[in-house]
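Colleague: Okay, handing you the structure first.
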Number of protein chains: 2
Amino acid sequence: MSEPLKDFSAGAAFVNGQYVPVAEASISILDWGFTRSDVTYDVVHVWNGGFFKLDDHLDRFARSLQHMRLVPPYSRTEIAEILDRCVAMTGLRESYVAMISSRGRPRIYGSRRPADCANTFMAYAVPWVDVVPKSVQERGAHVQVAARPRIGSQSIDPTVKNYHWGDFTQGLLDAHDAAFDTTVLLDQDGFVTEGPGFNLFIIRDGTVLTPDRGLLEGITRRAALELCAIKGITAEITPLRYQDLMSADEAFCTSTAGGIMPISKIDQHIMANGTPGPISSMLKDFYFEQHLAGWHMTPVNYEAGHSELL
Amino acid sequence: MSEPLKDFSAGAAFVNGQYVPVAEASISILDWGFTRSDVTYDVVHVWNGGFFKLDDHLDRFARSLQHMRLVPPYSRTEIAEILDRCVAMTGLRESYVAMISSRGRPRIYGSRRPADCANTFMAYAVPWVDVVPKSVQERGAHVQVAARPRIGSQSIDPTVKNYHWGDFTQGLLDAHDAAFDTTVLLDQDGFVTEGPGFNLFIIRDGTVLTPDRGLLEGITRRAALELCAIKGITAEITPLRYQDLMSADEAFCTSTAGGIMPISKIDQHIMANGTPGPISSMLKDFYFEQHLAGWHMTPVNYEAGHSELL
């Protein structure tokens with residue numbers, strides 16, 4: 001009570017059972033979440049004071065935990081409360097909210113057995129993040145197709161959200177060297193997969209197409225398909241190859257970090273005269289209109305968070 | 001000066017420019033070394049008070065940094081001093097010593113560009129670790145060949161030491177379920193690669209064989225080849241397939257974490273009546289004899305570390 005109130009405006013985190021400003025939130029350098037990337041996570045966003053599709057994110061996180069045989073020390077209900085509290089402490093109306101569980105450290109020194117570890121749970125809420133910066137969204141992102149293939153689905157299941165991003169990072173470095181904004185990866189058979197933190201969509205002859213393999217089944221991806229259905233736009237989940245990208249009329253990417261974000265160039269293929277295409281722009285606007293209308297929204301309980309803080 | 005001396009016997013770490021007990025050493029949960037596994041590392045061991053092949057480890061770390069375009073804020077000479085100091089602070093005569101550099105965090109909030117990040121450097125020295133526990137080494141390790149393939153070399157270069165261990169972790173979980181000690185992975189074409197933290201060797205008709213692809217070029221692997229040359233044993237780096245493992249007379253694994261460690265069973269193939277084979281055992285003993293004789297050893301400067309601590 002005598003301690004000064006901490007400033008959570010830059011973000012609030014929950015680590016080791018305690019709420020701290022995100023700048024103070026850390027993990028042991030011996031945690032296998034770091035030294036083996038033995039960790040899964042999920043990210044949900046808050047917009048206009050509400051979580052978007054919170055249950056879908058909690059469902060996916062539960063499936064990821066089960067796949068990796070991680071058992072965090074909190075129940076689903078407790079996790080939902082922690083996420084709510086993190087956002088409430090920041091007071092943010094638009095926020096990027098992460099939940100993370102790592103293998104932790106072995107209870108027996110030197111053990112190399114995952115079963116010997118005490119699994120962790122962490123969460124944090126920070127100000128809204130866009131995978132593609134807003135200024136870039138205005139002209140449409142320029143996307144380079146990566147030279148290296150995406151890590152194979154047989155080795156690392158991409159439907160289980162993970163931090164194995166080395167292939168993405170290499171693709172990003174190459175893309176930035178070539179003055180592109182971001183990258184998208186093909187799999188070893190040449191099929192389009194996803195980019196660092198987003199799913200890809202193209203539009204051809206009025207039909208919306210998104211890849212069927214080698215990717216995280218994004219919740220914003222699913223939302224985009226739902227919006228297409230509402231608008232009566234034909235949309236398909238289908239195998240896509242490089243030449244499909246090169247013949248697209250429009251393209252956009254989807255992510256919890258930013259929503260629906262237009263793309264105006266893929267490699268040397270310029271779409272819609274180098275601007276966001278009409279269907280992409282309409283879907284982007286509709287996405288945020290639906291947010292404002294409360295679509296799939298769970299209000300953040302700001303008051304409860306605040307009162308407990310005092 | 002008035003603070004009580006900290007206890008470094010469980011390990012000493014260097015993080016954020018400061019020496020701390022390893023239990024206090026942590027990394028921000030927002031560091032891309034964690035959230036993107038955008039990090040490289042190396043591990044050198046100390047045995048009988050000396051670093052083994054320190055220059056080889058520093059060389060490999062420098063190559064890994066260059067490949068990943070990471071620039072830690074310390075020179076090679078400074079890094080060597082930090083490693084020495086970490087060991088000296090613990091007083092350990094046998095130690096596992098790690099050097100790590102991560103992408104860090106972007107200097108601009110929300111940036112997704114690796115180039116915007118301030119790269120980090122960390123190090124720690126902890127008590128000696130064996131990839132295969134000593135009690136298991138006595139009977140020889142039981143190794144299961146994993147069902148899932150190793151992450152492809154085109155996606156993640158295995159010669160650049162990395163924490164993308166999801167494929168290893170899945171293999172370990174499966175191996176432990178089936179009462180094996182550890183696992184070894186094949187690549188997508190069926191060629192033998194490596195295990196979690198070790199290189200594999202087999203012996204057939206008196207010839208030592210080790211895989212040529214899809215693996216970290218281990219410094220203990222190279223040492224084992226050098227020991228074979230000294231002893232006049234023919235050794236080859238060569239493609240190996242599953243059937244080669246099933247026809248081996250002996251097998252062993254090599255790692256900085258443990259040296260040369262015999263294997264007595266791979267899947268259902270039992271070697272040397274389920275005990276460490278004669279050539280494997282000889283090489284293991286010779287490895288530690290050579291250590292005692294000062295082979296490739298750089299003495300730790302324990303006194304300097306101690307005096308600065310006071």
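Each chain in the structure tokens gets a letter, A, B, ..., in the order shown, and its residues are numbered from 1; ligands are numbered from 1 in order too.
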From a DSSP pass on the backbone, collect the residues of stretch 69-170 of chain A flagged as alpha helix (DSSP H) and hand them back as an NGL selection string.
Modeller: :A and (76-90 or 134-139 or 166-170)
Colleague: For the residues selected in the previous step, produce a file with N, CA, C and O atoms as an mmCIF file, in the first residue's frame.
Modeller:
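Contents of result08.cif, freshly written:
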```
data_model
loop_
_atom_site.group_PDB
_atom_site.id
_atom_site.type_symbol
_atom_site.label_atom_id
_atom_site.label_comp_id
_atom_site.auth_asym_id
_atom_site.auth_seq_id
_atom_site.Cartn_x
_atom_site.Cartn_y
_atom_site.Cartn_z
ATOM 1 N N ARG A 76 -8.681 -22.283 -17.811
ATOM 2 C CA ARG A 76 -9.157 -21.399 -18.885
ATOM 3 C C ARG A 76 -9.854 -20.162 -18.319
ATOM 4 O O ARG A 76 -9.628 -19.043 -18.785
ATOM 5 N N THR A 77 -10.679 -20.368 -17.309
ATOM 6 C CA THR A 77 -11.383 -19.236 -16.694
ATOM 7 C C THR A 77 -10.389 -18.262 -16.067
ATOM 8 O O THR A 77 -10.512 -17.044 -16.217
ATOM 9 N N GLU A 78 -9.402 -18.812 -15.386
ATOM 10 C CA GLU A 78 -8.386 -17.947 -14.768
ATOM 11 C C GLU A 78 -7.582 -17.193 -15.832
ATOM 12 O O GLU A 78 -7.249 -16.018 -15.664
ATOM 13 N N ILE A 79 -7.262 -17.888 -16.921
ATOM 14 C CA ILE A 79 -6.509 -17.235 -18.003
ATOM 15 C C ILE A 79 -7.317 -16.070 -18.569
ATOM 16 O O ILE A 79 -6.784 -14.973 -18.774
ATOM 17 N N ALA A 80 -8.609 -16.302 -18.794
ATOM 18 C CA ALA A 80 -9.464 -15.218 -19.314
ATOM 19 C C ALA A 80 -9.470 -14.034 -18.355
ATOM 20 O O ALA A 80 -9.434 -12.870 -18.775
ATOM 21 N N GLU A 81 -9.485 -14.339 -17.058
ATOM 22 C CA GLU A 81 -9.474 -13.251 -16.059
ATOM 23 C C GLU A 81 -8.146 -12.496 -16.084
ATOM 24 O O GLU A 81 -8.107 -11.276 -15.949
ATOM 25 N N ILE A 82 -7.060 -13.239 -16.240
ATOM 26 C CA ILE A 82 -5.733 -12.608 -16.273
ATOM 27 C C ILE A 82 -5.615 -11.675 -17.494
ATOM 28 O O ILE A 82 -5.119 -10.552 -17.387
ATOM 29 N N LEU A 83 -6.093 -12.148 -18.635
ATOM 30 C CA LEU A 83 -6.032 -11.318 -19.842
ATOM 31 C C LEU A 83 -6.844 -10.035 -19.640
ATOM 32 O O LEU A 83 -6.388 -8.928 -19.972
ATOM 33 N N ASP A 84 -8.027 -10.205 -19.096
ATOM 34 C CA ASP A 84 -8.898 -9.051 -18.841
ATOM 35 C C ASP A 84 -8.220 -8.057 -17.901
ATOM 36 O O ASP A 84 -8.192 -6.852 -18.139
ATOM 37 N N ARG A 85 -7.643 -8.596 -16.864
ATOM 38 C CA ARG A 85 -6.985 -7.747 -15.858
ATOM 39 C C ARG A 85 -5.798 -7.003 -16.458
ATOM 40 O O ARG A 85 -5.586 -5.818 -16.174
ATOM 41 N N CYS A 86 -5.010 -7.696 -17.314
ATOM 42 C CA CYS A 86 -3.854 -7.038 -17.950
ATOM 43 C C CYS A 86 -4.326 -5.821 -18.752
ATOM 44 O O CYS A 86 -3.746 -4.738 -18.649
ATOM 45 N N VAL A 87 -5.388 -6.024 -19.551
ATOM 46 C CA VAL A 87 -5.883 -4.908 -20.365
ATOM 47 C C VAL A 87 -6.412 -3.800 -19.459
ATOM 48 O O VAL A 87 -6.099 -2.619 -19.652
ATOM 49 N N ALA A 88 -7.183 -4.189 -18.457
ATOM 50 C CA ALA A 88 -7.784 -3.194 -17.563
ATOM 51 C C ALA A 88 -6.707 -2.339 -16.889
ATOM 52 O O ALA A 88 -6.866 -1.123 -16.740
ATOM 53 N N MET A 89 -5.611 -2.977 -16.490
ATOM 54 C CA MET A 89 -4.544 -2.233 -15.811
ATOM 55 C C MET A 89 -3.919 -1.180 -16.720
ATOM 56 O O MET A 89 -3.471 -0.137 -16.251
ATOM 57 N N THR A 90 -3.867 -1.476 -18.025
ATOM 58 C CA THR A 90 -3.284 -0.486 -18.944
ATOM 59 C C THR A 90 -4.275 0.628 -19.258
ATOM 60 O O THR A 90 -3.862 1.715 -19.637
ATOM 61 N N LYS A 134 0.420 1.433 -40.448
ATOM 62 C CA LYS A 134 -0.744 2.132 -41.038
ATOM 63 C C LYS A 134 -0.350 2.921 -42.290
ATOM 64 O O LYS A 134 -1.080 2.921 -43.282
ATOM 65 N N SER A 135 0.816 3.576 -42.248
ATOM 66 C CA SER A 135 1.242 4.375 -43.404
ATOM 67 C C SER A 135 1.436 3.482 -44.625
ATOM 68 O O SER A 135 1.166 3.890 -45.755
ATOM 69 N N VAL A 136 1.907 2.268 -44.409
ATOM 70 C CA VAL A 136 2.106 1.319 -45.514
ATOM 71 C C VAL A 136 0.757 0.764 -45.976
ATOM 72 O O VAL A 136 0.525 0.562 -47.173
ATOM 73 N N GLN A 137 -0.146 0.543 -45.039
ATOM 74 C CA GLN A 137 -1.481 0.044 -45.407
ATOM 75 C C GLN A 137 -2.172 0.986 -46.389
ATOM 76 O O GLN A 137 -2.930 0.551 -47.266
ATOM 77 N N GLU A 138 -1.909 2.287 -46.252
ATOM 78 C CA GLU A 138 -2.588 3.270 -47.115
ATOM 79 C C GLU A 138 -2.251 3.074 -48.594
ATOM 80 O O GLU A 138 -3.112 3.236 -49.445
ATOM 81 N N ARG A 139 -1.013 2.708 -48.894
ATOM 82 C CA ARG A 139 -0.647 2.474 -50.294
ATOM 83 C C ARG A 139 -0.685 0.989 -50.646
ATOM 84 O O ARG A 139 -0.540 0.604 -51.797
ATOM 85 N N GLY A 166 12.645 -18.560 -37.588
ATOM 86 C CA GLY A 166 13.905 -18.333 -38.303
ATOM 87 C C GLY A 166 13.716 -18.185 -39.801
ATOM 88 O O GLY A 166 14.399 -17.378 -40.440
ATOM 89 N N ASP A 167 12.798 -18.956 -40.361
ATOM 90 C CA ASP A 167 12.539 -18.848 -41.808
ATOM 91 C C ASP A 167 11.880 -17.510 -42.142
ATOM 92 O O ASP A 167 12.224 -16.861 -43.129
ATOM 93 N N PHE A 168 10.948 -17.077 -41.284
ATOM 94 C CA PHE A 168 10.322 -15.767 -41.474
ATOM 95 C C PHE A 168 11.370 -14.646 -41.366
ATOM 96 O O PHE A 168 11.359 -13.700 -42.150
ATOM 97 N N THR A 169 12.226 -14.757 -40.357
ATOM 98 C CA THR A 169 13.218 -13.698 -40.131
ATOM 99 C C THR A 169 14.144 -13.565 -41.333
ATOM 100 O O THR A 169 14.426 -12.447 -41.788
ATOM 101 N N GLN A 170 14.597 -14.688 -41.869
ATOM 102 C CA GLN A 170 15.466 -14.637 -43.043
ATOM 103 C C GLN A 170 14.714 -14.007 -44.218
ATOM 104 O O GLN A 170 15.259 -13.161 -44.938
#
```
Colleague: Would you mind listing, for every residue of chain B within 6 Å of chain A, the two atoms forming the shortest contact and the distance between them in Å to one decimal, using only C-alpha atoms, sorted by chain and ascending residue number, as JSON lines?
Modeller:
```
{"residue": "B:Ala25", "atom": "CA", "partner": "A:Ser28", "partner_atom": "CA", "distance": 5.9}
{"residue": "B:Ser26", "atom": "CA", "partner": "A:Ser28", "partner_atom": "CA", "distance": 4.2}
{"residue": "B:Ile27", "atom": "CA", "partner": "A:Ser26", "partner_atom": "CA", "distance": 5.2}
{"residue": "B:Ser28", "atom": "CA", "partner": "A:Ser26", "partner_atom": "CA", "distance": 4.2}
{"residue": "B:Ile29", "atom": "CA", "partner": "A:Ser26", "partner_atom": "CA", "distance": 4.9}
{"residue": "B:Phe34", "atom": "CA", "partner": "A:Phe34", "partner_atom": "CA", "distance": 5.3}
{"residue": "B:Thr35", "atom": "CA", "partner": "A:Tyr163", "partner_atom": "CA", "distance": 5.7}
{"residue": "B:Arg36", "atom": "CA", "partner": "A:Tyr163", "partner_atom": "CA", "distance": 4.7}
{"residue": "B:Ser37", "atom": "CA", "partner": "A:Tyr163", "partner_atom": "CA", "distance": 5.8}
{"residue": "B:Gly110", "atom": "CA", "partner": "A:Val129", "partner_atom": "CA", "distance": 5.6}
{"residue": "B:Val129", "atom": "CA", "partner": "A:Gly110", "partner_atom": "CA", "distance": 5.6}
{"residue": "B:Arg148", "atom": "CA", "partner": "A:Ser155", "partner_atom": "CA", "distance": 5.7}
{"residue": "B:Pro149", "atom": "CA", "partner": "A:Ser155", "partner_atom": "CA", "distance": 5.5}
{"residue": "B:Arg150", "atom": "CA", "partner": "A:Ser155", "partner_atom": "CA", "distance": 6.0}
{"residue": "B:Ile151", "atom": "CA", "partner": "A:Ser155", "partner_atom": "CA", "distance": 5.4}
{"residue": "B:Ser155", "atom": "CA", "partner": "A:Ile151", "partner_atom": "CA", "distance": 5.3}
{"residue": "B:Tyr163", "atom": "CA", "partner": "A:Arg36", "partner_atom": "CA", "distance": 4.8}
{"residue": "B:His164", "atom": "CA", "partner": "A:His164", "partner_atom": "CA", "distance": 5.7}
{"residue": "B:Trp165", "atom": "CA", "partner": "A:Arg36", "partner_atom": "CA", "distance": 5.0}
{"residue": "B:Asp167", "atom": "CA", "partner": "A:Ser155", "partner_atom": "CA", "distance": 5.5}
```
Colleague: Between A:Ala229, A:Ala141, A:Met297, A:Leu5, single out the one closest to A:Thr254, counting only C-alpha atoms.
Modeller: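 Closest candidate: A:Ala141.
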Colleague: As a list of chain:residue names, please: every residue in stretch 31-92 of chain A that DSSP puts in strand (DSSP E).
Modeller: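 Here is the list: A:Val39, A:Thr40, A:Tyr41, A:Asp42, A:Val43, A:Val44, A:His45, A:Val46, A:Trp47, A:Gly50, A:Phe51, A:Phe52.
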Colleague: Could those residues be written to a file, using C-alpha atoms, as a PDB file, in the first residue's frame?
Modeller:
```pdb
ATOM      1  CA  VAL A  39       6.568 -22.728 -25.929  1.00  0.00           C
ATOM      2  CA  THR A  40       3.192 -21.958 -27.429  1.00  0.00           C
ATOM      3  CA  TYR A  41       1.143 -18.807 -27.396  1.00  0.00           C
ATOM      4  CA  ASP A  42      -1.853 -17.005 -28.746  1.00  0.00           C
ATOM      5  CA  VAL A  43      -2.681 -13.364 -29.303  1.00  0.00           C
ATOM      6  CA  VAL A  44      -6.105 -11.767 -29.116  1.00  0.00           C
ATOM      7  CA  HIS A  45      -6.823  -8.126 -29.759  1.00  0.00           C
ATOM      8  CA  VAL A  46      -8.932  -5.571 -27.986  1.00  0.00           C
ATOM      9  CA  TRP A  47     -10.617  -2.891 -30.090  1.00  0.00           C
ATOM     10  CA  GLY A  50     -13.657  -5.301 -26.279  1.00  0.00           C
ATOM     11  CA  PHE A  51     -11.848  -8.574 -26.952  1.00  0.00           C
ATOM     12  CA  PHE A  52     -12.451  -9.895 -30.491  1.00  0.00           C
TER      13      PHE A  52
END
```
Colleague: I'd like to know which of A:Cys253, A:Leu240, A:Ala118, A:Val97 is closest to A:Val300, using only C-alpha atoms.
Modeller: A:Val97
Colleague: In Å, with one decimal, what is the gap from atom CA of B:Phe8 to atom CA of B:Leu92?
Modeller: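 We find that atom CA of B:Phe8 and atom CA of B:Leu92 lie 9.7 Å from each other.
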Colleague: To one decimal place in Å, what is the distance between atom CA of B:His57 and atom CA of B:Leu200?
Modeller: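 Those two atoms sit 19.3 Å apart.
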Colleague: With only C-alpha atoms as the atoms that count, which of B:Thr220, B:Thr275, B:Val184, B:Asp177 lies nearest to B:Gly258?
Modeller: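 Result for the nearest residue to B:Gly258: B:Thr220.
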